[in-house]
Amino acid sequence: TGERRNVSWSNVVIRDSRGAISDVTCLGIDLTERIRAENALRESEEKYRLLVENQTDMVVKVDLEGRFLFVSPSYCRMFGKPEEELLGQKFMPLVHEEDRDQTAKEMEKLFQPPHMVYLEQRAMTNEGWKWLGWMDTAVLDENGAVVEIIGVGRDITEDKNAQEEKLKAQQTAAEHEQYAFVGKIAGKLAHDFNNVLGAIMGNAELALLDCKDPGMKDTLDLILEQSLRGRNLTKNLVAFAKDTEPKQELFRINEKIDLVLTLLKKDVKGIAIVREEGPDLPDLLADPGMIEHALVNLVQNAIHAVSQVQYPKITIRSTHVKSQIRIEIEDNGCGIPREYLHEVFDPSFSLKGSRDVTGSYDPGIK
């Protein structure tokens, strides 16, 4: 037919009685189809090799005990390990300890139809911990039993971070909505509360006019001061509800600290209070009511922090540094564990009451 074929020949020499060659028997086998099949397989393997070696997705094959039978170059690059170091080793030690049980549980689904599962896990790569997403497929033998597992994975760290940021943004939006709702209610209640405070203040002022008893006079003065503080608090609530600008006045911060310690006189009983006042402290331009509330909260937190200390001590410093007035409130109490420091500006953050898992605060503190 004119077609070029590949033939394999096997030649056998036939000799006569004297040992001389008389004939040669030749057996030819046509190898054309087999060679074509081998070439096709070689080309297929080369294409598969090029595909696996140049794709960014990771490809692995493991046995039923999780030992690597094959790892793609992309997997080696991700983990910074050569192929020979990985082959025969188990993959699970590379997985984050907290994700191992869930990974094993998900992979058990491979032994049931459809013999496929998607899972996400953290793994220690050459760039640190990363989130990896894996689509695993079971390889079955002729009897339908699972003999190997092939996994195709990719880095999903950025997607995971984006999901976490979105969740945080949603939580923040929900908190802001909640605070706005609280602000509206506070604004509605402030008016009625001011009426109550007005009655208390008016009667306290009238009683002071005729009061001759020094002890009673001190008590009435304290009632009047606390009523004024309550009125300032309601003003701040209204300001919060209406988002108005705070009031600006010049006042001496040390006098405000003295007032706060007087208001908390009962709470600081038994606590050593140390005052450190810097020289030439100028007047502060701010909202005195808001500064007072901030100081009360900070001192109250310090009082709570030393509730379990044998010799409690609170130090209050006021100094002048360049164009700033600095107020420091320091205590020798339990403090805040380092792992929680990033949460201290969250309005709902607390380690007291039901969240006091270390027993750092007195049980009565909420």
# chains A, B, ... in the order shown; residues from 1 in each chain; ligands from 1
$ select_by_dssp --residues "region 132-278 of chain A" --states "strand (DSSP E)" --output "PyMOL selection string"
chain A and resi 132-140+146-155+249-251+272-277
$ residues_around --residues "region 123-127 of chain A" --least-positions-apart "6" --cutoff "12 Å" --atoms "only C-alpha atoms" --output "PyMOL selection string"
chain A and resi 74-81+91-100+103+133-134+153-157
$ residues_around --residues "region 294-308 of chain A" --least-positions-apart "2" --cutoff "10 Å" --atoms "only C-alpha atoms" --output "ChimeraX atom specification"
/A:256-257,259-261,263-264,267-269,271,288-292,310-316,327-336,352,359-366
$ atom_distance --atom1 "CA of Ile325 (chain A)" --atom2 "CA of Leu351 (chain A)"
29.4 Å
$ closest_residue --among "A:Leu206, A:Val59, A:Leu220, A:Val7" --to "Met135 (chain A)" --atoms "only C-alpha atoms"
A:Val59
$ closest_residue --among "A:Lys247, A:Ser10, A:Ile185, A:Glu43" --to "Leu27 (chain A)" --atoms "only C-alpha atoms"
A:Ser10
$ atom_distance --atom1 "CA of Gly28 (chain A)" --atom2 "CA of Gly2 (chain A)"
17.9 Å
$ residues_around --residues "Pro347 (chain A)" --least-positions-apart "2" --cutoff "12 Å" --atoms "only C-alpha atoms" --output "short mmCIF file (atom, residue, chain, number, x, y, z; two decimals) with N, CA, C and O atoms, in the first residue's frame"
data_model
loop_
_atom_site.label_atom_id
_atom_site.label_comp_id
_atom_site.auth_asym_id
_atom_site.auth_seq_id
_atom_site.Cartn_x
_atom_site.Cartn_y
_atom_site.Cartn_z
N THR A 172 -20.11 46.10 62.95
CA THR A 172 -19.94 47.51 63.32
C THR A 172 -21.18 48.31 62.96
O THR A 172 -21.66 49.15 63.74
N GLU A 175 -23.86 47.59 65.43
CA GLU A 175 -23.62 48.27 66.71
C GLU A 175 -23.96 49.75 66.60
O GLU A 175 -24.57 50.32 67.50
N HIS A 176 -23.56 50.38 65.48
CA HIS A 176 -23.87 51.79 65.30
C HIS A 176 -25.39 52.02 65.27
O HIS A 176 -25.88 53.01 65.82
N GLN A 178 -27.54 50.17 66.77
CA GLN A 178 -28.01 49.98 68.14
C GLN A 178 -27.74 51.23 68.99
O GLN A 178 -28.60 51.67 69.75
N TYR A 179 -26.52 51.81 68.83
CA TYR A 179 -26.19 53.01 69.58
C TYR A 179 -27.10 54.18 69.19
O TYR A 179 -27.49 54.98 70.03
N GLU A 343 -9.00 45.13 71.97
CA GLU A 343 -10.45 45.29 72.08
C GLU A 343 -10.87 46.43 73.01
O GLU A 343 -12.06 46.68 73.17
N VAL A 344 -9.90 47.15 73.62
CA VAL A 344 -10.26 48.08 74.69
C VAL A 344 -11.09 49.26 74.20
O VAL A 344 -11.78 49.91 75.00
N PHE A 345 -11.07 49.56 72.90
CA PHE A 345 -11.87 50.68 72.41
C PHE A 345 -13.22 50.23 71.85
O PHE A 345 -13.95 51.04 71.28
N PHE A 349 -16.85 46.09 75.16
CA PHE A 349 -15.82 45.21 75.72
C PHE A 349 -15.82 45.26 77.24
O PHE A 349 -15.90 46.33 77.84
N SER A 350 -15.71 44.10 77.87
CA SER A 350 -15.61 44.02 79.32
C SER A 350 -15.07 42.65 79.71
O SER A 350 -15.30 41.66 79.01
#
$ residues_around --residues "region 66-73 of chain A" --least-positions-apart "2" --cutoff "7 Å" --atoms "only C-alpha atoms" --output "PyMOL selection string"
chain A and resi 52-53+58-64+75-77+83+86-91
$ write_last_selection --atoms "all heavy atoms" --output "short mmCIF file (atom, residue, chain, number, x, y, z; two decimals), in the first residue's frame"
data_model
loop_
_atom_site.label_atom_id
_atom_site.label_comp_id
_atom_site.auth_asym_id
_atom_site.auth_seq_id
_atom_site.Cartn_x
_atom_site.Cartn_y
_atom_site.Cartn_z
N VAL A 52 0.45 20.20 34.81
CA VAL A 52 0.59 20.14 36.25
C VAL A 52 1.70 21.06 36.74
O VAL A 52 1.56 21.75 37.75
CB VAL A 52 0.85 18.68 36.70
CG1 VAL A 52 1.22 18.64 38.19
CG2 VAL A 52 -0.38 17.83 36.44
N GLU A 53 2.81 21.10 36.01
CA GLU A 53 3.97 21.86 36.46
C GLU A 53 3.77 23.37 36.33
O GLU A 53 4.43 24.14 37.03
CB GLU A 53 5.21 21.44 35.68
CG GLU A 53 5.71 20.04 36.04
CD GLU A 53 6.99 19.69 35.31
OE1 GLU A 53 7.45 20.53 34.50
OE2 GLU A 53 7.54 18.61 35.56
N MET A 58 -2.66 23.68 43.28
CA MET A 58 -1.83 22.58 43.78
C MET A 58 -2.53 21.25 43.54
O MET A 58 -3.75 21.15 43.69
CB MET A 58 -1.55 22.79 45.27
CG MET A 58 -0.77 24.04 45.58
SD MET A 58 -0.75 24.40 47.36
CE MET A 58 -2.45 24.93 47.61
N VAL A 59 -1.75 20.24 43.17
CA VAL A 59 -2.29 18.90 42.93
C VAL A 59 -1.48 17.91 43.77
O VAL A 59 -0.24 17.92 43.73
CB VAL A 59 -2.22 18.50 41.45
CG1 VAL A 59 -2.79 17.10 41.25
CG2 VAL A 59 -2.96 19.52 40.59
N VAL A 60 -2.18 17.09 44.55
CA VAL A 60 -1.51 16.06 45.35
C VAL A 60 -2.28 14.76 45.22
O VAL A 60 -3.48 14.75 44.90
CB VAL A 60 -1.41 16.46 46.84
CG1 VAL A 60 -0.60 17.71 47.02
CG2 VAL A 60 -2.80 16.62 47.46
N LYS A 61 -1.57 13.67 45.46
CA LYS A 61 -2.21 12.35 45.55
C LYS A 61 -1.67 11.68 46.80
O LYS A 61 -0.45 11.65 47.03
CB LYS A 61 -1.91 11.50 44.32
CG LYS A 61 -2.61 10.14 44.36
CD LYS A 61 -2.57 9.45 42.99
CE LYS A 61 -1.18 9.02 42.60
NZ LYS A 61 -1.18 8.20 41.37
N VAL A 62 -2.59 11.17 47.64
CA VAL A 62 -2.19 10.55 48.90
C VAL A 62 -2.82 9.18 49.00
O VAL A 62 -3.84 8.89 48.35
CB VAL A 62 -2.60 11.41 50.11
CG1 VAL A 62 -1.94 12.79 50.06
CG2 VAL A 62 -4.12 11.56 50.19
N ASP A 63 -2.20 8.32 49.81
CA ASP A 63 -2.80 7.01 50.06
C ASP A 63 -3.81 7.13 51.19
O ASP A 63 -4.10 8.23 51.69
CB ASP A 63 -1.71 5.97 50.37
CG ASP A 63 -0.90 6.32 51.62
OD1 ASP A 63 -1.37 7.15 52.43
OD2 ASP A 63 0.20 5.76 51.79
N LEU A 64 -4.36 6.01 51.61
CA LEU A 64 -5.43 6.03 52.61
C LEU A 64 -4.92 6.44 53.99
O LEU A 64 -5.74 6.75 54.88
CB LEU A 64 -6.11 4.67 52.68
CG LEU A 64 -6.79 4.20 51.38
CD1 LEU A 64 -7.56 2.91 51.63
CD2 LEU A 64 -7.71 5.28 50.83
N TYR A 75 2.68 22.83 44.63
CA TYR A 75 2.57 22.48 46.05
C TYR A 75 3.94 22.63 46.73
O TYR A 75 4.04 23.16 47.83
CB TYR A 75 2.05 21.06 46.20
CG TYR A 75 1.71 20.68 47.63
CD1 TYR A 75 0.43 20.85 48.13
CD2 TYR A 75 2.67 20.14 48.48
CE1 TYR A 75 0.11 20.51 49.44
CE2 TYR A 75 2.37 19.79 49.79
CZ TYR A 75 1.09 19.98 50.26
OH TYR A 75 0.79 19.66 51.55
N CYS A 76 4.98 22.17 46.03
CA CYS A 76 6.34 22.29 46.58
C CYS A 76 6.71 23.75 46.78
O CYS A 76 7.32 24.11 47.79
CB CYS A 76 7.34 21.60 45.66
SG CYS A 76 7.12 19.81 45.51
N ARG A 77 6.34 24.61 45.81
CA ARG A 77 6.64 26.03 45.95
C ARG A 77 5.87 26.64 47.10
O ARG A 77 6.40 27.47 47.85
CB ARG A 77 6.30 26.76 44.64
CG ARG A 77 7.25 26.44 43.49
CD ARG A 77 7.04 27.41 42.34
NE ARG A 77 5.69 27.33 41.78
CZ ARG A 77 5.36 26.53 40.77
NH1 ARG A 77 6.27 25.73 40.22
NH2 ARG A 77 4.13 26.51 40.30
N GLU A 83 10.28 17.91 46.26
CA GLU A 83 9.40 16.75 46.09
C GLU A 83 9.88 15.54 46.88
O GLU A 83 9.09 14.86 47.54
CB GLU A 83 9.31 16.41 44.60
CG GLU A 83 8.42 15.21 44.30
CD GLU A 83 8.41 14.86 42.82
OE1 GLU A 83 9.23 15.42 42.08
OE2 GLU A 83 7.60 14.00 42.42
N LEU A 86 8.86 15.50 50.51
CA LEU A 86 7.45 15.34 50.80
C LEU A 86 6.93 13.94 50.54
O LEU A 86 6.07 13.45 51.28
CB LEU A 86 6.63 16.35 49.97
CG LEU A 86 6.80 17.83 50.36
CD1 LEU A 86 6.18 18.72 49.28
CD2 LEU A 86 6.16 18.10 51.71
N LEU A 87 7.41 13.29 49.47
CA LEU A 87 6.89 11.97 49.11
C LEU A 87 7.08 10.98 50.25
O LEU A 87 8.16 10.87 50.83
CB LEU A 87 7.58 11.47 47.84
CG LEU A 87 7.27 12.23 46.55
CD1 LEU A 87 8.02 11.63 45.39
CD2 LEU A 87 5.76 12.25 46.26
N GLY A 88 6.02 10.26 50.57
CA GLY A 88 6.06 9.28 51.65
C GLY A 88 5.72 9.86 53.01
O GLY A 88 5.50 9.10 53.96
N GLN A 89 5.66 11.21 53.12
CA GLN A 89 5.32 11.85 54.38
C GLN A 89 3.81 12.11 54.45
O GLN A 89 3.14 12.24 53.44
CB GLN A 89 6.07 13.18 54.54
CG GLN A 89 7.58 13.04 54.51
CD GLN A 89 8.11 12.19 55.65
OE1 GLN A 89 7.65 12.32 56.79
NE2 GLN A 89 9.06 11.31 55.36
N LYS A 90 3.26 12.23 55.67
CA LYS A 90 1.84 12.51 55.84
C LYS A 90 1.59 14.02 55.73
O LYS A 90 2.40 14.83 56.17
CB LYS A 90 1.35 12.00 57.18
CG LYS A 90 1.35 10.47 57.28
CD LYS A 90 0.71 10.00 58.57
CE LYS A 90 0.62 8.48 58.63
NZ LYS A 90 -0.04 8.00 59.86
N PHE A 91 0.44 14.38 55.15
CA PHE A 91 0.12 15.79 54.94
C PHE A 91 -0.42 16.47 56.20
O PHE A 91 -0.30 17.68 56.37
CB PHE A 91 -0.91 15.95 53.81
CG PHE A 91 -2.32 15.61 54.19
CD1 PHE A 91 -3.17 16.56 54.74
CD2 PHE A 91 -2.80 14.31 54.02
CE1 PHE A 91 -4.47 16.23 55.09
CE2 PHE A 91 -4.10 13.98 54.38
CZ PHE A 91 -4.95 14.95 54.91
#
$ select_by_dssp --residues "region 74-185 of chain A" --states "alpha helix (DSSP H)" --output "JSON, numbers by chain"
{"A": [74, 75, 76, 77, 78, 79, 83, 84, 85, 86, 100, 101, 102, 103, 104, 105, 106, 107, 157, 158, 159, 160, 161, 162, 163, 164, 165, 166, 167, 168, 169, 170, 171, 172, 173, 174, 175, 176, 177, 178, 179, 180, 181, 182, 183, 184, 185]}
$ atom_distance --atom1 "CA of Gln324 (chain A)" --atom2 "CA of Glu276 (chain A)"
16.5 Å
$ residues_around --residues "Arg252 (chain A)" --least-positions-apart "5" --cutoff "8 Å" --atoms "only C-alpha atoms" --output "PyMOL selection string"
chain A and resi 282-284
$ residues_around --residues "Ala138 (chain A)" --least-positions-apart "2" --cutoff "8 Å" --atoms "only C-alpha atoms" --output "ChimeraX atom specification"
/A:110-111,115-116,136,140,146-150
$ write_last_selection --atoms "N, CA and C atoms" --output "PDB file, in the first residue's frame"
ATOM      1  N   LEU A 110     -15.359  10.942  51.686  1.00  0.00           N
ATOM      2  CA  LEU A 110     -14.847  10.431  50.413  1.00  0.00           C
ATOM      3  C   LEU A 110     -15.161   8.952  50.222  1.00  0.00           C
ATOM      4  N   PHE A 111     -15.454   8.248  51.297  1.00  0.00           N
ATOM      5  CA  PHE A 111     -15.710   6.815  51.204  1.00  0.00           C
ATOM      6  C   PHE A 111     -17.173   6.510  50.914  1.00  0.00           C
ATOM      7  N   HIS A 115     -18.131  10.474  46.453  1.00  0.00           N
ATOM      8  CA  HIS A 115     -16.683  10.339  46.612  1.00  0.00           C
ATOM      9  C   HIS A 115     -15.951  11.648  46.313  1.00  0.00           C
ATOM     10  N   MET A 116     -16.562  12.754  46.637  1.00  0.00           N
ATOM     11  CA  MET A 116     -15.950  14.069  46.463  1.00  0.00           C
ATOM     12  C   MET A 116     -16.305  14.927  47.685  1.00  0.00           C
ATOM     13  N   ASP A 136     -11.312  17.449  47.011  1.00  0.00           N
ATOM     14  CA  ASP A 136     -10.741  16.095  47.058  1.00  0.00           C
ATOM     15  C   ASP A 136     -11.656  15.106  46.342  1.00  0.00           C
ATOM     16  N   LEU A 140     -11.134   4.983  42.830  1.00  0.00           N
ATOM     17  CA  LEU A 140     -11.696   3.674  43.150  1.00  0.00           C
ATOM     18  C   LEU A 140     -11.050   2.587  42.310  1.00  0.00           C
ATOM     19  N   VAL A 146     -12.110   2.541  47.692  1.00  0.00           N
ATOM     20  CA  VAL A 146     -11.218   3.696  47.612  1.00  0.00           C
ATOM     21  C   VAL A 146      -9.787   3.226  47.838  1.00  0.00           C
ATOM     22  N   VAL A 147      -8.894   3.589  46.923  1.00  0.00           N
ATOM     23  CA  VAL A 147      -7.491   3.186  47.050  1.00  0.00           C
ATOM     24  C   VAL A 147      -6.566   4.395  47.193  1.00  0.00           C
ATOM     25  N   GLU A 148      -6.947   5.517  46.626  1.00  0.00           N
ATOM     26  CA  GLU A 148      -6.132   6.724  46.690  1.00  0.00           C
ATOM     27  C   GLU A 148      -7.056   7.952  46.713  1.00  0.00           C
ATOM     28  N   ILE A 149      -6.469   9.113  47.045  1.00  0.00           N
ATOM     29  CA  ILE A 149      -7.227  10.365  47.069  1.00  0.00           C
ATOM     30  C   ILE A 149      -6.435  11.425  46.312  1.00  0.00           C
ATOM     31  N   ILE A 150      -7.097  12.085  45.394  1.00  0.00           N
ATOM     32  CA  ILE A 150      -6.482  13.179  44.647  1.00  0.00           C
ATOM     33  C   ILE A 150      -7.086  14.489  45.136  1.00  0.00           C
TER      34      ILE A 150
END
$ closest_residue --among "A:Lys322, A:His293, A:Arg15, A:Lys160" --to "Trp131 (chain A)" --atoms "only C-alpha atoms"
A:Lys160
